[in-house]
Each structure stands twice: as structure tokens, then as C-alpha cells.
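Q: Here you go, one structure.
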There are 2 protein chains.
Amino acid sequence: MTTEQLDRALAGEPRWVARLLTLLEGAWSPEVAAAMQRLTPLAGRAQVIGVTGPPGVGKSTLVDRLVGELRNELSRIAVLAFDPSSPFTGGALLGDRIRMMGRGDDPGVFIRSVANRAHAGGLSRTASRLVTTLDAVGYDAILVETVGAGQSEVDVAGLADTVVVVLAPGFGDEIQALKAGMLETADLFVVNKADLPGADRVVASLHDATDGAMPHAVSAATGQGVAELTRAIRGHHACDRAALDARRAAHRRALLEEAVREQLWAHFRATHAEALDGAMAQVTAGATDPESAAAALLEEARNNG
Amino acid sequence: MTTEQLDRALAGEPRWVARLLTLLEGAWSPEVAAAMQRLTPLAGRAQVIGVTGPPGVGKSTLVDRLVGELRNELSRIAVLAFDPSSPFTGGALLGDRIRMMGRGDDPGVFIRSVANRAHAGGLSRTASRLVTTLDAVGYDAILVETVGAGQSEVDVAGLADTVVVVLAPGFGDEIQALKAGMLETADLFVVNKADLPGADRVVASLHDATDGAMPHAVSAATGQGVAELTRAIRGHHACDRAALDARRAAHRRALLEEAVREQLWAHFRATHAEALDGAMAQVTAGATDPESAAAALLEEARNNG
């Protein structure tokens, strides 16, 4: 990407923002580095809102509604939707969805679908690059939609200023399973499809599982309760600047640690391929345990390096 | 641990096996290294059986029943139960459970409960050390029980020769959420509490979600179907030696990579503490992005080292 093209992305031209994001979804390169070094100091103004929950609770419909509400107040909104299963970006499908909601021609709304398997640099680093970029080019709010299965809910928890966990009737049994990770990271709970039978039970289960959190009962399909939820989300961002700064700092430190770990390994693997193959063979044969083999490998590398 | 004490553990004395496992749950040390180097070449004979599934499906009761069935055929069985939530080992509770089932005095059964937070070396490495040890000291089958939430199902999938995924009526809605990780790692599916209403629906959902897998319908409470499940588990181990060897080799390679990554990071952090602090400060302040900061840090370390 040329400096001029990056300028146009920074000026907010959607076409060049999209191209920039495509670059940043790829592997680390001098081009990625140059872009990130320019973008990073410009970021920090947007509210990053994570929306997570099991498949089937209606996250996408809720995100559409939230975009509509936030647009009453903010001029530019971005949506990043992470799809854990599709090997391709679901961009077309998402585009259809948004057109249905009548927001296809709204120049204040930018939507991007990211296939989890498409990124070369690890989900949390990719997501962080994209969020930093959308923030730097001037979006006021960035909604990050992920399925809360596996590690993605942890990623979104670190990335987002405000984490919204969504459940729905029929998902009461899942609360115990979710307890390990997702519940602890939530800033706000939503019970969607609150007009369906069983909503009361999910609200009560959440209340019990979280030492008394009061979920927002909404219906994304009808819009009921979404305005109030939006106010709560905006309020969460505004209420405690010190806590927000601490949260962002912790996330950045974790990203740095991960990047150092990753680059140490990449460099070691490239420079000690033969010794690593030898150790792999020994460990595979059961001649030595993996940790001893690793210690011997690194000891040897240090003595020779 | 002295050589003599290790000899007694290797001779199968439960007291010294238990002490050895306590040592191996701790941080890496010369003592851990010495033990693992002696134990590793002796392992590889046992069948490692992973039993995983959401909380509440009756995994523990099923494991008790499987132990009883396996004892008809095998002389020594070990159970490793990983508890994701308890900060302390649930040893006493588990002991009570086993005594209730009438196996408290069976010298052929060894039970160990491991709190996920108690291990210093990462869950998968700790689990791998303990399984290798129980295998080396002569257990014929090792049952590894974990809650399939977060990453533990992935760990058990790599560790186990045979992965048994357990569901129960009322958990049909969870199948879609599980799909991302647990379903793909399963060798055998079990629908427990098959005598309760809704079991047919879970069997059908599993069948659909897995391109036609036929789950074993059992009742751990009554024992119904457990003998047949046990035969299927034993059969899975016996049927394809090449596939088993490939699976174990892949797991060992993954463990070596993880150990190298971990030790590279530990060494870097210890030897470049000051430079790392400087980079952390820059990244926290938003002056540079984490990946560029990591690259600069490593470049500088290489030029100075």
C-alpha cells in the first residue's frame, strides 16, 4: 500500500479502508509494520463494544439494532463480525443482512466479516490490528461480534472496552458451561428473544450464576429494550476512564507478550531447523520427554550462538 | 525425590506414585527433569481414555462404571480427574465417591484429582507428565476426566488415545456450541441418562451434527449399556496401531513445540527484563503497536547478544 493510499484510508474512504484491512489480515510484513506504526498513535478515541454469546441467540440481529440506535448519536459505526466456522468470509451474506435492515446505503456504517481461519497472525492479533485501524480512521464505535466458543470470547474480552454477553430462552443449560470463561468477562448481560417462553428462566439463571447481575431483556426482532441497552453500553464507556485505561493497557501488554513469544519461536525455528528436527525425532520415539528435549535444545543453541 | 523413592514408585507402590505425581504437578526443575527422563522411555503401553463433556452430564458416575468394567479385563486402572473450577484438589470428594462405589479398597485402582489452577506448567504439559508417569509405573488403562469447556477438551484430545464425549438429555442445545471443538475430537459419543425423557432427541441431534455418528446410549446410574461402551473403547485402541502411533507422535511434537516456546520466553524475560519494560511502556502508551515493538526488541537483543 502506498503512502497516498494509506492517506486515503485515513481520510475515511471506505474503499481504501477495506483494502487496508485486507492487508492487515495477512501475515506480518514491512508493509503491515509501516501501516500499524502510523495508525497506532491515532487510535484510542472509539468505543470498542464486544458482542458475544453461543450460536443461535440472535447476536447478528442485535448488532444490527445496536448500529441503528448508535447512529442516532454517533456519525460513524463499524462492525467486525468474526465467523468461527466458515473458511471464507461471509461478507456477501452479511451484506444481504444489512441491506435488509435498510442500512446498505448509510455511508456512516462500515461492515466487515472476518473468517477465523483466514488470518495468518492469530485471532487476537488480527482483531487488534483491525480494531486499531477502524479507530484510527475515525469510527466512533466499533462493534466486534464473535461466537463465544473456544477462545474467541477471551479475545474479545481483552479487545473490547465493553463486553456484552448475549443469551436467549433455551440456553439456560449453557450458563454453567459458560461460567468458566464468558460470564466473568461480561460487563453487560442481555437475554434476547425476551418475548419468547422461557426468558424469565434464563434471566433468573443468569442472576444466580453471576451473584446478582441484572440482564437486559430485549427483543432484537422487534427492537424492544434495545434503546435502553444502548444507553447502558454508552454509559459503561463514559463512567470510569481510569478503569478503561487500565483495561486497554493490560490488553496491549498481553499483545506485546504474545508477539514476543511468537517472534522468538519463529526466529528459533528458522535458525535451528536441523537441531529441532533431531529433538522432534527423539521425542516422537519416546526416548526423552518434551520438556527435557526443549531444555537440551536451548542449552545447545546458547552454547553455539 | 531420591532414586530409591523413584524406584518404589516405579514398582507401583501407590504412596510413592502419589508423591511422584505431586512433584510432577509442580514447576519444571532438575528433579522433575530427572524423573521424566527416567519415566518416559518406560511409557507407551497403557490405553489413555479421555472422558469429556459439559458439567452435569454424569461424567464422574460414568467413569466409575467404566473403571468397574475395565477391571474385569485389566489389573491396574488409574483415573485422573481435572477440575476446572476448584482452587484446591477435589481429592477428598472424589475419594468419597469411589468409596461409595465400593472401589475404595481395590488396590488395582488409583485415583487422582488435579485442580486446573494448581499446576505451574500449563494444563496440557502437567496432564502429559502425569499420564506418562502412570503409564510408566504400570497402569493398563488411564482414564482422564475433564470438563469440555474452554481449552481442556483440546488438551484431552491430544493426550488421549481414545476420546469419549458425553452428553445427556437437556444438553441438545449445546451441541451446536460444542461443534467448534469437542465434536471433531471425539472417537466415541455417549448419551448418558438414556432412560430419561429427551434422550432420543440428543441422540438424533448428535447424529445430525456429526454426519451420522451413532452415540452409545447408556445409563451410568444403572450400568445399562456400559459393558458395550467399554468393549467399543477397548476395540478403538486395538484396531489401528499405525493411527495410534501417528496420534501419539503428533501430540509429542506439539508438546515439544510448546516447551520450546515457553522456555524461549522465560529465558528472554529473565535476560532482557529492562528492555521489555521499556517496550511495555511504549505499547501501553499507544506510541507503537505491539508487533512492531516486539520486532524492535528482538532485533536489539540480537545485535547486543
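A note on labels: chains of the C-alpha cells are A, B, ... as shown, every chain counts residues from 1, and ligands are counted from 1 in their shown order.
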Can you pull out the residues contacting region 22-35 of chain A? Cut-off 10 Å, using only C-alpha atoms, and skip same-chain residues under 3 positions away; I want them as a ChimeraX atom specification.
A: /A:1-3,6,16-19,38-40,114-115,118-123,125-130,133 /B:288-289,291-293,295
Q: Might you pull out every residue within 10 Å of Leu80 (chain B), with only C-alpha atoms counted and same-chain residues fewer than 4 positions away left off, and present them as a list in words?
A: Gly50, Phe110, Ile111, Arg112, Ser113, Val114, Ala127, Leu130, Val131, Leu134, Ile142, Leu143, Val144, Glu145 and Thr146 of chain B
Q: Would you mind listing, as a PyMOL selection string, all residues of chain A that have at least one atom within 7 Å of chain B, where only C-alpha atoms are what counts?
A: chain A and resi 33+36-37+40-41+54-55+149-151+171+173-174+177+180+249+252-253+255-256+259-261+264-265+280+283-284+286-292+294
Q: Give me, as a list in words, all polymer residues having an atom no more than 12 Å from Arg234 (chain A), counting only C-alpha atoms and skipping those fewer than 6 positions away in the same chain.
A: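 Returned residues: Ala46, Gln47, Val48, Ile49, Leu66, Glu69, Leu70, Glu73, Leu74, Asp140, Ala141, Asp161, Thr162, Val163, Val164, Asp187, Leu188, Ala227, Glu228 and Asp240 of chain A.
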Q: Okay, now the selection with N, CA, C and O atoms, as a compact mmCIF listing (two decimals), in the first residue's frame?
A:
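The file below, again_4.txt, is the result:
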```txt
# COMPACT_ATOMS: atom_id res chain seq x y z
N ALA A 46 -12.36 5.65 19.88
CA ALA A 46 -13.61 4.90 19.67
C ALA A 46 -13.99 4.07 20.90
O ALA A 46 -13.13 3.70 21.69
N GLN A 47 -15.28 3.79 21.04
CA GLN A 47 -15.72 2.77 21.99
C GLN A 47 -15.75 1.43 21.26
O GLN A 47 -16.44 1.29 20.25
N VAL A 48 -15.02 0.46 21.80
CA VAL A 48 -14.99 -0.88 21.21
C VAL A 48 -15.95 -1.75 22.02
O VAL A 48 -15.77 -1.95 23.22
N ILE A 49 -16.99 -2.24 21.34
CA ILE A 49 -18.07 -2.98 22.00
C ILE A 49 -18.03 -4.44 21.52
O ILE A 49 -18.25 -4.72 20.35
N LEU A 66 -28.37 -2.42 17.36
CA LEU A 66 -27.48 -1.53 18.10
C LEU A 66 -26.86 -0.48 17.17
O LEU A 66 -26.73 0.69 17.54
N GLU A 69 -29.42 2.22 16.70
CA GLU A 69 -29.52 3.10 17.87
C GLU A 69 -28.31 4.01 18.00
O GLU A 69 -28.44 5.20 18.28
N LEU A 70 -27.12 3.42 17.82
CA LEU A 70 -25.89 4.21 17.98
C LEU A 70 -25.79 5.31 16.93
O LEU A 70 -25.23 6.38 17.19
N GLU A 73 -26.73 8.89 17.62
CA GLU A 73 -25.83 9.67 18.46
C GLU A 73 -24.47 9.88 17.82
O GLU A 73 -23.83 10.92 18.00
N LEU A 74 -24.01 8.86 17.07
CA LEU A 74 -22.65 8.86 16.55
C LEU A 74 -22.68 8.86 15.03
O LEU A 74 -23.57 8.27 14.41
N ASP A 140 -16.48 5.99 15.40
CA ASP A 140 -16.77 6.39 16.77
C ASP A 140 -17.07 5.20 17.67
O ASP A 140 -16.82 5.24 18.86
N ALA A 141 -17.67 4.18 17.08
CA ALA A 141 -17.94 2.95 17.82
C ALA A 141 -17.62 1.77 16.91
O ALA A 141 -17.89 1.82 15.71
N ASP A 161 -13.76 -2.52 25.05
CA ASP A 161 -13.93 -1.66 26.22
C ASP A 161 -15.15 -2.11 27.01
O ASP A 161 -15.19 -1.96 28.23
N THR A 162 -16.13 -2.64 26.31
CA THR A 162 -17.39 -3.05 26.91
C THR A 162 -17.79 -4.39 26.32
O THR A 162 -17.91 -4.51 25.10
N VAL A 163 -17.94 -5.40 27.16
CA VAL A 163 -18.28 -6.74 26.68
C VAL A 163 -19.75 -7.03 26.99
O VAL A 163 -20.17 -6.99 28.15
N VAL A 164 -20.51 -7.32 25.94
CA VAL A 164 -21.93 -7.65 26.06
C VAL A 164 -22.09 -9.14 25.79
O VAL A 164 -21.77 -9.60 24.69
N ASP A 187 -19.44 -7.26 30.87
CA ASP A 187 -19.80 -6.01 31.53
C ASP A 187 -21.30 -5.86 31.57
O ASP A 187 -21.85 -5.30 32.52
N LEU A 188 -21.98 -6.37 30.54
CA LEU A 188 -23.44 -6.30 30.47
C LEU A 188 -23.98 -7.63 29.95
O LEU A 188 -23.39 -8.23 29.05
N ALA A 227 -33.03 0.38 22.92
CA ALA A 227 -32.62 1.76 23.21
C ALA A 227 -32.01 1.84 24.61
O ALA A 227 -30.97 2.47 24.82
N GLU A 228 -32.65 1.17 25.56
CA GLU A 228 -32.14 1.19 26.94
C GLU A 228 -30.79 0.48 27.04
O GLU A 228 -29.87 0.94 27.71
N ASP A 240 -16.02 5.38 33.80
CA ASP A 240 -14.80 5.21 34.58
C ASP A 240 -13.59 5.18 33.66
O ASP A 240 -13.14 4.14 33.21
```
Q: Quick check, in Å to one decimal: how far apart do CA of Pro215 (chain A) and CA of Ala157 (chain A) lie?
A: 17.8 Å
Q: Report, in Å with one decimal, the straight-line distance from CA of Glu13 (chain B) to CA of Arg71 (chain B).
A: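 Taking CA of Glu13 (chain B) and CA of Arg71 (chain B), their separation equals 18.6 Å.
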Q: For region 191-203 of chain B, work out the shell of residues within 12 Å, counting only C-alpha atoms and skipping chain neighbours fewer than 5 positions away, then give it as a PyMOL selection string.
A: chain B and resi 52-54+56-63+65+164-176+208-210+212-226+229
Q: Which one of A:Ala78, A:Leu21, A:Leu244, A:Val137 sits closest to Gly158 (chain A) if you count only C-alpha atoms?
A: A:Leu244
Q: Kindly give the distance, in Å, that separates CA of Asn303 (chain A) and CA of Ala275 (chain A), rounded to a single decimal.
A: 13.1 Å
